[in-house]
Amino acid sequence: MRNNRPSAALYELLEEVSSSNGLAETLGVLDHSLRRLLPFDALAVFLPREEQLTLAYVSGEEPRAACDPRVPVGQAIAGQVSETHRPAFNLDPRLKPGLAGEFRSMIAVPLEDGADMAGVLALYSADVHTFQPADLGVLLWIREDLARAVKHALRQAPADPAVCDLLTGLPNERGFFQRLDADLKRCHRQLRTLALLLCGVDGLAEVGARFGDQARKRLVQAIAAALRRTNRKGDCVARLGDEFALLLEEFPETAFDRKRSSIAALVVGVGVAQLGERPLAVRVGAAYFPADGGDAEGLLSAAAARQRAAAPVPDSLTEDLERLIVTMELV
């Protein structure tokens, strides 16, 4: 029997979700983190809109068969949960038993903050009677915190697509260059150092080909959230296609190897948590201001050259890296 009592892992989940930015990242982090605790094949979150629920987030390979984009309040399982404010436990999400559909059991809880209904969280499984009462207990224990996190994410200003990557909420290429120019000017004035790390993720295209584009997007979202969560608040993490760029002030060169290993552990751990295998590796190259250049072009050129020359990490996982993954509870 699974032990789902409130634990350090639950508190960590709530911390990860509450520190996320934007609705897409908040729900993506919830999806990734909750998989470490509960057995499910897909997660969906519905938000109330007038007299119906709208699908705000969904994961899984083929979830649309069970997750209508709009559900009238009182209809289907999610609509009944919204109307009655009572959870649903181990129900068949198909309209009628025996109909075609990927999922055979479903658990859903209302996300309530006091009397305020923030949404409905639903978990789906392809197996019958997958969920245990303890699983429902976990969701009921965290639902108020999740409701607050959803409300907070909805209050945030929408991301500017000109400078923000809408999938991850991170700065895009344009936003990254704006931040890099600003950081270089400040570091020049204040005589501070700046490290630029380019992290190329190998294997995302193969994941898309094998598991579908939604699986690839979930990996990108989870990697982005993990990188932001494990860096300092003032550091910059940006998405540049299948690469991520980090800007770290006062980052010593002697710490690069440890940082590269931790990034590799995050990337590999996300792949294991999402897909049950290790389809990803990462190549990391670093450049430092002012030693490697005084402008954005010089730093990017130096970091890109070192990244191209670097072997994928992990080319073969070391025992230290294996222990780091286990310690971070990503496998």
# chains A, B, ... in the order shown; residues from 1 in each chain; ligands from 1

$ closest_atom_pairs --of "stretch 21-87 of chain A" --to "stretch 130-148 of chain A" --cutoff "10 Å" --atoms "only C-alpha atoms" --output "Markdown table"
| residue | atom | partner | partner_atom | distance |
| --- | --- | --- | --- | --- |
| A:Thr26 | CA | A:Leu146 | CA | 9.3 |
| A:Leu27 | CA | A:Leu146 | CA | 9.4 |
| A:Leu30 | CA | A:Leu146 | CA | 8.6 |
| A:Leu34 | CA | A:Leu139 | CA | 9.6 |
| A:Leu37 | CA | A:Asp135 | CA | 8.5 |
| A:Leu38 | CA | A:Asp135 | CA | 6.5 |
| A:Pro39 | CA | A:Phe131 | CA | 7.4 |
| A:Phe40 | CA | A:Thr130 | CA | 8.1 |
| A:Pro87 | CA | A:Leu136 | CA | 8.3 |

$ residues_around --residues "A:Leu275" --least-positions-apart "5" --cutoff "12 Å" --atoms "only C-alpha atoms" --output "list of chain:residue names"
A:His32, A:Arg35, A:Asp41, A:Gly60, A:Glu61, A:Val207, A:Gly208, A:Arg210, A:Phe211, A:Gly212, A:Ala215, A:Arg216, A:Arg218, A:Leu219, A:Val268, A:Gly269, A:Val270, A:Leu280, A:Leu330, A:Val331

$ write_last_selection --atoms "all heavy atoms" --output "compact mmCIF listing (two decimals), in the first residue's frame"
# COMPACT_ATOMS: atom_id res chain seq x y z
N HIS A 32 3.90 17.67 -13.22
CA HIS A 32 5.19 16.99 -13.06
C HIS A 32 5.42 16.53 -11.61
O HIS A 32 5.82 15.39 -11.36
CB HIS A 32 6.31 17.92 -13.50
CG HIS A 32 7.68 17.42 -13.18
ND1 HIS A 32 8.24 16.32 -13.80
CD2 HIS A 32 8.61 17.86 -12.29
CE1 HIS A 32 9.45 16.11 -13.31
NE2 HIS A 32 9.69 17.02 -12.40
N ARG A 35 3.18 13.59 -10.15
CA ARG A 35 3.50 12.24 -10.65
C ARG A 35 4.47 11.51 -9.73
O ARG A 35 4.59 10.28 -9.81
CB ARG A 35 4.07 12.33 -12.07
CG ARG A 35 3.04 12.69 -13.11
CD ARG A 35 3.66 12.84 -14.49
NE ARG A 35 2.68 13.35 -15.43
CZ ARG A 35 1.84 12.60 -16.14
NH1 ARG A 35 1.88 11.28 -16.01
NH2 ARG A 35 0.98 13.14 -16.98
N ASP A 41 -2.31 8.61 -15.47
CA ASP A 41 -1.84 8.69 -16.85
C ASP A 41 -2.07 10.07 -17.46
O ASP A 41 -1.41 10.44 -18.43
CB ASP A 41 -2.53 7.64 -17.72
CG ASP A 41 -2.20 6.23 -17.26
OD1 ASP A 41 -1.00 5.94 -17.10
OD2 ASP A 41 -3.13 5.43 -17.05
N GLY A 60 -1.06 13.98 -20.98
CA GLY A 60 -1.36 12.62 -21.40
C GLY A 60 -1.31 12.51 -22.91
O GLY A 60 -1.37 13.51 -23.63
N GLU A 61 -1.21 11.29 -23.39
CA GLU A 61 -1.03 11.08 -24.82
C GLU A 61 -2.29 11.42 -25.63
O GLU A 61 -2.23 12.10 -26.63
CB GLU A 61 -0.62 9.63 -25.07
CG GLU A 61 0.80 9.34 -24.67
CD GLU A 61 1.78 10.26 -25.38
OE1 GLU A 61 1.81 10.29 -26.62
OE2 GLU A 61 2.50 10.98 -24.68
N VAL A 207 11.90 12.36 -28.75
CA VAL A 207 10.74 12.20 -27.87
C VAL A 207 9.46 12.56 -28.62
O VAL A 207 8.44 11.86 -28.53
CB VAL A 207 10.89 13.05 -26.61
CG1 VAL A 207 9.57 13.13 -25.85
CG2 VAL A 207 11.97 12.47 -25.71
N GLY A 208 9.50 13.66 -29.36
CA GLY A 208 8.32 14.05 -30.13
C GLY A 208 7.93 13.01 -31.15
O GLY A 208 6.74 12.72 -31.35
N ARG A 210 8.56 9.74 -31.01
CA ARG A 210 8.13 8.48 -30.38
C ARG A 210 6.85 8.62 -29.57
O ARG A 210 5.98 7.74 -29.60
CB ARG A 210 9.24 7.96 -29.47
CG ARG A 210 10.48 7.47 -30.18
CD ARG A 210 11.52 7.03 -29.15
NE ARG A 210 10.99 5.99 -28.27
CZ ARG A 210 11.52 5.70 -27.08
NH1 ARG A 210 12.56 6.40 -26.63
NH2 ARG A 210 11.01 4.73 -26.34
N PHE A 211 6.75 9.71 -28.82
CA PHE A 211 5.67 9.83 -27.85
C PHE A 211 4.65 10.93 -28.19
O PHE A 211 3.63 11.03 -27.52
CB PHE A 211 6.24 10.11 -26.45
CG PHE A 211 7.17 9.04 -25.95
CD1 PHE A 211 8.54 9.19 -26.03
CD2 PHE A 211 6.66 7.87 -25.40
CE1 PHE A 211 9.41 8.22 -25.55
CE2 PHE A 211 7.50 6.88 -24.93
CZ PHE A 211 8.89 7.05 -25.01
N GLY A 212 4.94 11.72 -29.19
CA GLY A 212 4.00 12.77 -29.57
C GLY A 212 4.45 14.15 -29.11
O GLY A 212 5.27 14.30 -28.19
N ALA A 215 3.95 15.18 -25.35
CA ALA A 215 4.98 14.67 -24.44
C ALA A 215 6.23 15.53 -24.50
O ALA A 215 6.85 15.83 -23.48
CB ALA A 215 5.31 13.21 -24.78
N ARG A 216 6.61 15.94 -25.71
CA ARG A 216 7.79 16.82 -25.85
C ARG A 216 7.55 18.15 -25.15
O ARG A 216 8.43 18.66 -24.43
CB ARG A 216 8.08 17.06 -27.33
CG ARG A 216 9.31 17.93 -27.60
CD ARG A 216 9.39 18.34 -29.05
NE ARG A 216 8.26 19.16 -29.44
CZ ARG A 216 8.17 20.47 -29.20
NH1 ARG A 216 9.16 21.11 -28.57
NH2 ARG A 216 7.11 21.15 -29.58
N ARG A 218 5.57 18.75 -22.62
CA ARG A 218 5.59 18.57 -21.17
C ARG A 218 7.02 18.51 -20.66
O ARG A 218 7.33 19.04 -19.58
CB ARG A 218 4.82 17.30 -20.78
CG ARG A 218 3.33 17.38 -20.96
CD ARG A 218 2.63 16.33 -20.10
NE ARG A 218 3.17 15.01 -20.30
CZ ARG A 218 2.76 14.17 -21.24
NH1 ARG A 218 1.83 14.53 -22.09
NH2 ARG A 218 3.29 12.96 -21.34
N LEU A 219 7.90 17.85 -21.40
CA LEU A 219 9.30 17.78 -21.00
C LEU A 219 9.92 19.17 -20.98
O LEU A 219 10.63 19.54 -20.04
CB LEU A 219 10.09 16.87 -21.95
CG LEU A 219 9.89 15.37 -21.80
CD1 LEU A 219 10.72 14.63 -22.83
CD2 LEU A 219 10.27 14.90 -20.40
N VAL A 268 17.86 14.70 -16.98
CA VAL A 268 17.67 13.26 -17.00
C VAL A 268 16.50 12.87 -16.08
O VAL A 268 15.67 12.03 -16.43
CB VAL A 268 18.95 12.53 -16.56
CG1 VAL A 268 18.69 11.04 -16.38
CG2 VAL A 268 20.05 12.74 -17.58
N GLY A 269 16.42 13.48 -14.91
CA GLY A 269 15.35 13.17 -13.97
C GLY A 269 13.98 13.49 -14.52
O GLY A 269 13.02 12.75 -14.29
N VAL A 270 13.86 14.60 -15.24
CA VAL A 270 12.58 14.94 -15.86
C VAL A 270 12.17 13.87 -16.87
O VAL A 270 11.02 13.45 -16.92
CB VAL A 270 12.67 16.33 -16.54
CG1 VAL A 270 11.49 16.55 -17.47
CG2 VAL A 270 12.70 17.43 -15.49
N LEU A 280 17.02 11.80 -22.71
CA LEU A 280 17.61 13.12 -22.87
C LEU A 280 19.03 13.18 -22.34
O LEU A 280 19.41 12.45 -21.42
CB LEU A 280 16.78 14.18 -22.13
CG LEU A 280 15.29 14.27 -22.51
CD1 LEU A 280 14.60 15.32 -21.66
CD2 LEU A 280 15.13 14.58 -23.99
N LEU A 330 13.78 12.98 -8.28
CA LEU A 330 13.27 13.14 -9.63
C LEU A 330 13.09 11.81 -10.36
O LEU A 330 12.67 11.76 -11.48
CB LEU A 330 14.20 14.04 -10.45
CG LEU A 330 14.15 15.53 -10.06
CD1 LEU A 330 15.23 16.28 -10.81
CD2 LEU A 330 12.80 16.11 -10.36
N VAL A 331 13.50 10.72 -9.71
CA VAL A 331 13.30 9.41 -10.33
C VAL A 331 12.35 8.60 -9.45
O VAL A 331 12.07 8.97 -8.33
CB VAL A 331 14.63 8.68 -10.51
CG1 VAL A 331 15.51 9.43 -11.47
CG2 VAL A 331 15.33 8.47 -9.20

$ residues_around --residues "stretch 72-85 of chain A" --least-positions-apart "5" --cutoff "10 Å" --atoms "only C-alpha atoms" --output "PyMOL selection string"
chain A and resi 44-54+66-67+91-95+106-112+115+117-122

$ closest_residue --among "A:His188, A:Cys199, A:Ala149, A:Ala238" --to "A:Val163" --atoms "only C-alpha atoms"
A:Ala238

$ select_by_dssp --residues "stretch 155-254 of chain A" --states "strand (DSSP E or B)" --output "ChimeraX atom specification"
/A:164,171,194-202,236-240,243-249

$ closest_residue --among "A:Leu198, A:Ala264, A:Ala222, A:Val128" --to "A:Phe244" --atoms "only C-alpha atoms"
A:Leu198

$ residues_around --residues "A:Val220" --least-positions-apart "6" --cutoff "12 Å" --atoms "only C-alpha atoms" --output "compact mmCIF listing (two decimals) with N, CA and C atoms, in the first residue's frame"
# COMPACT_ATOMS: atom_id res chain seq x y z
N GLU A 25 2.75 27.52 -16.43
CA GLU A 25 3.86 26.94 -15.66
C GLU A 25 3.34 26.34 -14.36
N GLY A 28 1.74 23.06 -15.19
CA GLY A 28 2.77 22.13 -15.65
C GLY A 28 3.61 21.60 -14.51
N VAL A 29 3.98 22.49 -13.57
CA VAL A 29 4.74 22.06 -12.39
C VAL A 29 3.91 21.11 -11.54
N HIS A 32 3.90 17.67 -13.22
CA HIS A 32 5.19 16.99 -13.06
C HIS A 32 5.42 16.53 -11.61
N ASP A 165 8.49 33.32 -23.96
CA ASP A 165 8.12 32.05 -24.54
C ASP A 165 6.83 31.57 -23.88
N LEU A 166 5.77 31.45 -24.65
CA LEU A 166 4.46 31.18 -24.07
C LEU A 166 4.34 29.76 -23.52
N LEU A 167 5.14 28.82 -24.00
CA LEU A 167 5.07 27.46 -23.49
C LEU A 167 5.61 27.35 -22.08
N THR A 168 6.71 28.03 -21.80
CA THR A 168 7.40 27.89 -20.51
C THR A 168 7.27 29.10 -19.61
N GLY A 169 6.90 30.25 -20.15
CA GLY A 169 6.90 31.47 -19.35
C GLY A 169 8.26 32.11 -19.19
N LEU A 170 9.30 31.52 -19.80
CA LEU A 170 10.65 32.07 -19.72
C LEU A 170 10.85 33.14 -20.79
N GLY A 200 22.15 22.93 -24.24
CA GLY A 200 21.42 22.31 -25.33
C GLY A 200 20.90 20.94 -24.92
N VAL A 201 19.61 20.70 -25.11
CA VAL A 201 19.00 19.43 -24.69
C VAL A 201 18.90 18.51 -25.90
N ASP A 202 19.64 17.41 -25.88
CA ASP A 202 19.59 16.40 -26.94
C ASP A 202 18.48 15.40 -26.66
N GLY A 203 17.73 15.06 -27.70
CA GLY A 203 16.72 14.00 -27.57
C GLY A 203 15.28 14.48 -27.62
N LEU A 204 15.04 15.79 -27.61
CA LEU A 204 13.65 16.27 -27.61
C LEU A 204 12.94 15.93 -28.91
N ALA A 205 13.64 16.04 -30.03
CA ALA A 205 13.01 15.70 -31.31
C ALA A 205 12.62 14.22 -31.34
N VAL A 207 11.90 12.36 -28.75
CA VAL A 207 10.74 12.20 -27.87
C VAL A 207 9.46 12.56 -28.62
N GLY A 208 9.50 13.66 -29.36
CA GLY A 208 8.32 14.05 -30.13
C GLY A 208 7.93 13.01 -31.15
N ASP A 213 3.89 15.18 -29.75
CA ASP A 213 4.32 16.55 -29.46
C ASP A 213 3.94 16.99 -28.07
N GLN A 214 2.81 16.48 -27.55
CA GLN A 214 2.42 16.87 -26.20
C GLN A 214 3.42 16.38 -25.16
N ALA A 226 12.11 23.38 -13.61
CA ALA A 226 13.18 22.89 -12.73
C ALA A 226 14.39 23.82 -12.75
N LEU A 227 14.75 24.31 -13.92
CA LEU A 227 15.89 25.22 -14.01
C LEU A 227 15.62 26.52 -13.25
N ALA A 238 16.38 31.48 -19.72
CA ALA A 238 15.65 31.77 -20.94
C ALA A 238 15.59 30.53 -21.81
N ARG A 239 14.58 30.48 -22.67
CA ARG A 239 14.45 29.37 -23.62
C ARG A 239 14.78 29.86 -25.02
N LEU A 240 15.72 29.16 -25.67
CA LEU A 240 16.12 29.47 -27.03
C LEU A 240 15.91 28.21 -27.87
N GLY A 241 14.67 27.91 -28.25
CA GLY A 241 14.38 26.68 -28.97
C GLY A 241 14.57 25.47 -28.08
N ASP A 242 15.43 24.53 -28.51
CA ASP A 242 15.74 23.36 -27.70
C ASP A 242 16.93 23.61 -26.78
N GLU A 243 17.28 24.86 -26.60
CA GLU A 243 18.35 25.25 -25.69
C GLU A 243 17.79 26.14 -24.59
N PHE A 244 18.48 26.13 -23.47
CA PHE A 244 18.19 27.05 -22.38
C PHE A 244 19.45 27.84 -22.09
N LEU A 266 18.89 17.25 -13.50
CA LEU A 266 17.53 17.74 -13.67
C LEU A 266 16.94 17.25 -14.98
N VAL A 267 17.71 17.38 -16.07
CA VAL A 267 17.20 17.01 -17.39
C VAL A 267 16.92 15.51 -17.45
N VAL A 270 13.86 14.60 -15.24
CA VAL A 270 12.58 14.94 -15.86
C VAL A 270 12.17 13.87 -16.87
N GLY A 271 13.13 13.42 -17.68
CA GLY A 271 12.82 12.37 -18.65
C GLY A 271 12.36 11.10 -17.97
N GLN A 274 8.80 11.62 -16.44
CA GLN A 274 7.72 11.75 -17.42
C GLN A 274 7.53 10.50 -18.26
N LEU A 280 17.02 11.80 -22.71
CA LEU A 280 17.61 13.12 -22.87
C LEU A 280 19.03 13.18 -22.34

$ select_by_dssp --residues "stretch 29-170 of chain A" --states "alpha helix (DSSP H)" --output "number ranges by chain"
A: 29-34, 76-84, 133-155

$ write_last_selection --atoms "N, CA and C atoms" --output "compact mmCIF listing (two decimals), in the first residue's frame"
# COMPACT_ATOMS: atom_id res chain seq x y z
N VAL A 29 3.98 22.49 -13.57
CA VAL A 29 4.74 22.06 -12.39
C VAL A 29 3.91 21.11 -11.54
N LEU A 30 2.61 21.42 -11.37
CA LEU A 30 1.73 20.52 -10.63
C LEU A 30 1.69 19.14 -11.27
N ASP A 31 1.53 19.09 -12.57
CA ASP A 31 1.49 17.81 -13.28
C ASP A 31 2.77 17.01 -13.05
N HIS A 32 3.90 17.67 -13.22
CA HIS A 32 5.19 16.99 -13.06
C HIS A 32 5.42 16.53 -11.61
N SER A 33 5.14 17.41 -10.67
CA SER A 33 5.44 17.11 -9.26
C SER A 33 4.50 16.06 -8.70
N LEU A 34 3.23 16.10 -9.09
CA LEU A 34 2.25 15.17 -8.53
C LEU A 34 2.51 13.74 -9.01
N ALA A 76 -21.34 15.70 -16.80
CA ALA A 76 -20.09 14.94 -16.77
C ALA A 76 -19.54 14.95 -15.34
N ILE A 77 -18.46 14.26 -15.12
CA ILE A 77 -17.96 14.13 -13.75
C ILE A 77 -17.42 15.46 -13.23
N ALA A 78 -16.63 16.16 -14.06
CA ALA A 78 -16.06 17.44 -13.61
C ALA A 78 -17.15 18.45 -13.31
N GLY A 79 -18.18 18.49 -14.14
CA GLY A 79 -19.28 19.43 -13.90
C GLY A 79 -20.06 19.10 -12.64
N GLN A 80 -20.22 17.81 -12.34
CA GLN A 80 -20.91 17.41 -11.11
C GLN A 80 -20.08 17.79 -9.88
N VAL A 81 -18.78 17.60 -9.96
CA VAL A 81 -17.91 17.99 -8.85
C VAL A 81 -17.99 19.50 -8.60
N SER A 82 -18.02 20.27 -9.68
CA SER A 82 -18.12 21.72 -9.54
C SER A 82 -19.44 22.13 -8.92
N GLU A 83 -20.53 21.45 -9.27
CA GLU A 83 -21.86 21.81 -8.76
C GLU A 83 -22.04 21.40 -7.31
N THR A 84 -21.60 20.19 -6.97
CA THR A 84 -21.85 19.66 -5.63
C THR A 84 -20.75 20.00 -4.63
N PRO A 133 -8.04 5.22 -1.46
CA PRO A 133 -8.52 6.32 -0.61
C PRO A 133 -7.41 7.28 -0.19
N ALA A 134 -6.20 6.75 0.01
CA ALA A 134 -5.10 7.63 0.39
C ALA A 134 -4.77 8.64 -0.71
N ASP A 135 -4.98 8.26 -1.98
CA ASP A 135 -4.74 9.19 -3.07
C ASP A 135 -5.73 10.36 -3.01
N LEU A 136 -6.98 10.03 -2.72
CA LEU A 136 -7.97 11.09 -2.55
C LEU A 136 -7.59 11.98 -1.37
N GLY A 137 -7.07 11.37 -0.32
CA GLY A 137 -6.65 12.15 0.84
C GLY A 137 -5.55 13.15 0.50
N VAL A 138 -4.62 12.75 -0.36
CA VAL A 138 -3.56 13.68 -0.77
C VAL A 138 -4.16 14.89 -1.47
N LEU A 139 -5.07 14.65 -2.42
CA LEU A 139 -5.66 15.77 -3.16
C LEU A 139 -6.48 16.68 -2.25
N LEU A 140 -7.22 16.08 -1.31
CA LEU A 140 -8.01 16.91 -0.40
C LEU A 140 -7.11 17.71 0.53
N TRP A 141 -5.96 17.15 0.87
CA TRP A 141 -5.04 17.84 1.79
C TRP A 141 -4.41 19.06 1.13
N ILE A 142 -4.19 19.01 -0.18
CA ILE A 142 -3.48 20.11 -0.85
C ILE A 142 -4.39 21.01 -1.67
N ARG A 143 -5.70 20.73 -1.72
CA ARG A 143 -6.54 21.44 -2.68
C ARG A 143 -6.67 22.94 -2.38
N GLU A 144 -6.69 23.34 -1.11
CA GLU A 144 -6.78 24.77 -0.82
C GLU A 144 -5.53 25.50 -1.30
N ASP A 145 -4.36 24.91 -1.08
CA ASP A 145 -3.12 25.54 -1.55
C ASP A 145 -3.09 25.59 -3.08
N LEU A 146 -3.57 24.53 -3.72
CA LEU A 146 -3.62 24.54 -5.18
C LEU A 146 -4.59 25.60 -5.69
N ALA A 147 -5.72 25.75 -5.01
CA ALA A 147 -6.68 26.77 -5.40
C ALA A 147 -6.06 28.16 -5.32
N ARG A 148 -5.31 28.43 -4.26
CA ARG A 148 -4.66 29.73 -4.12
C ARG A 148 -3.61 29.93 -5.21
N ALA A 149 -2.87 28.87 -5.53
CA ALA A 149 -1.85 28.98 -6.57
C ALA A 149 -2.49 29.27 -7.93
N VAL A 150 -3.61 28.63 -8.23
CA VAL A 150 -4.31 28.89 -9.49
C VAL A 150 -4.83 30.32 -9.53
N LYS A 151 -5.43 30.79 -8.44
CA LYS A 151 -5.94 32.16 -8.41
C LYS A 151 -4.82 33.17 -8.55
N HIS A 152 -3.69 32.90 -7.91
CA HIS A 152 -2.54 33.80 -8.03
C HIS A 152 -2.04 33.83 -9.46
N ALA A 153 -1.96 32.68 -10.11
CA ALA A 153 -1.48 32.63 -11.49
C ALA A 153 -2.42 33.39 -12.43
N LEU A 154 -3.73 33.29 -12.17
CA LEU A 154 -4.70 33.98 -13.02
C LEU A 154 -4.63 35.50 -12.85
N ARG A 155 -4.21 35.96 -11.67
CA ARG A 155 -4.11 37.40 -11.43
C ARG A 155 -2.87 38.02 -12.08

$ residues_around --residues "A:Leu246" --least-positions-apart "3" --cutoff "10 Å" --atoms "only C-alpha atoms" --output "count of residues only"
17

$ closest_residue --among "A:Ile223, A:Asp181, A:Ala309, A:Asp257" --to "A:Val272" --atoms "only C-alpha atoms"
A:Ile223

$ atom_distance --atom1 "atom CA of A:Leu55" --atom2 "atom CA of A:Ala126"
20.0 Å
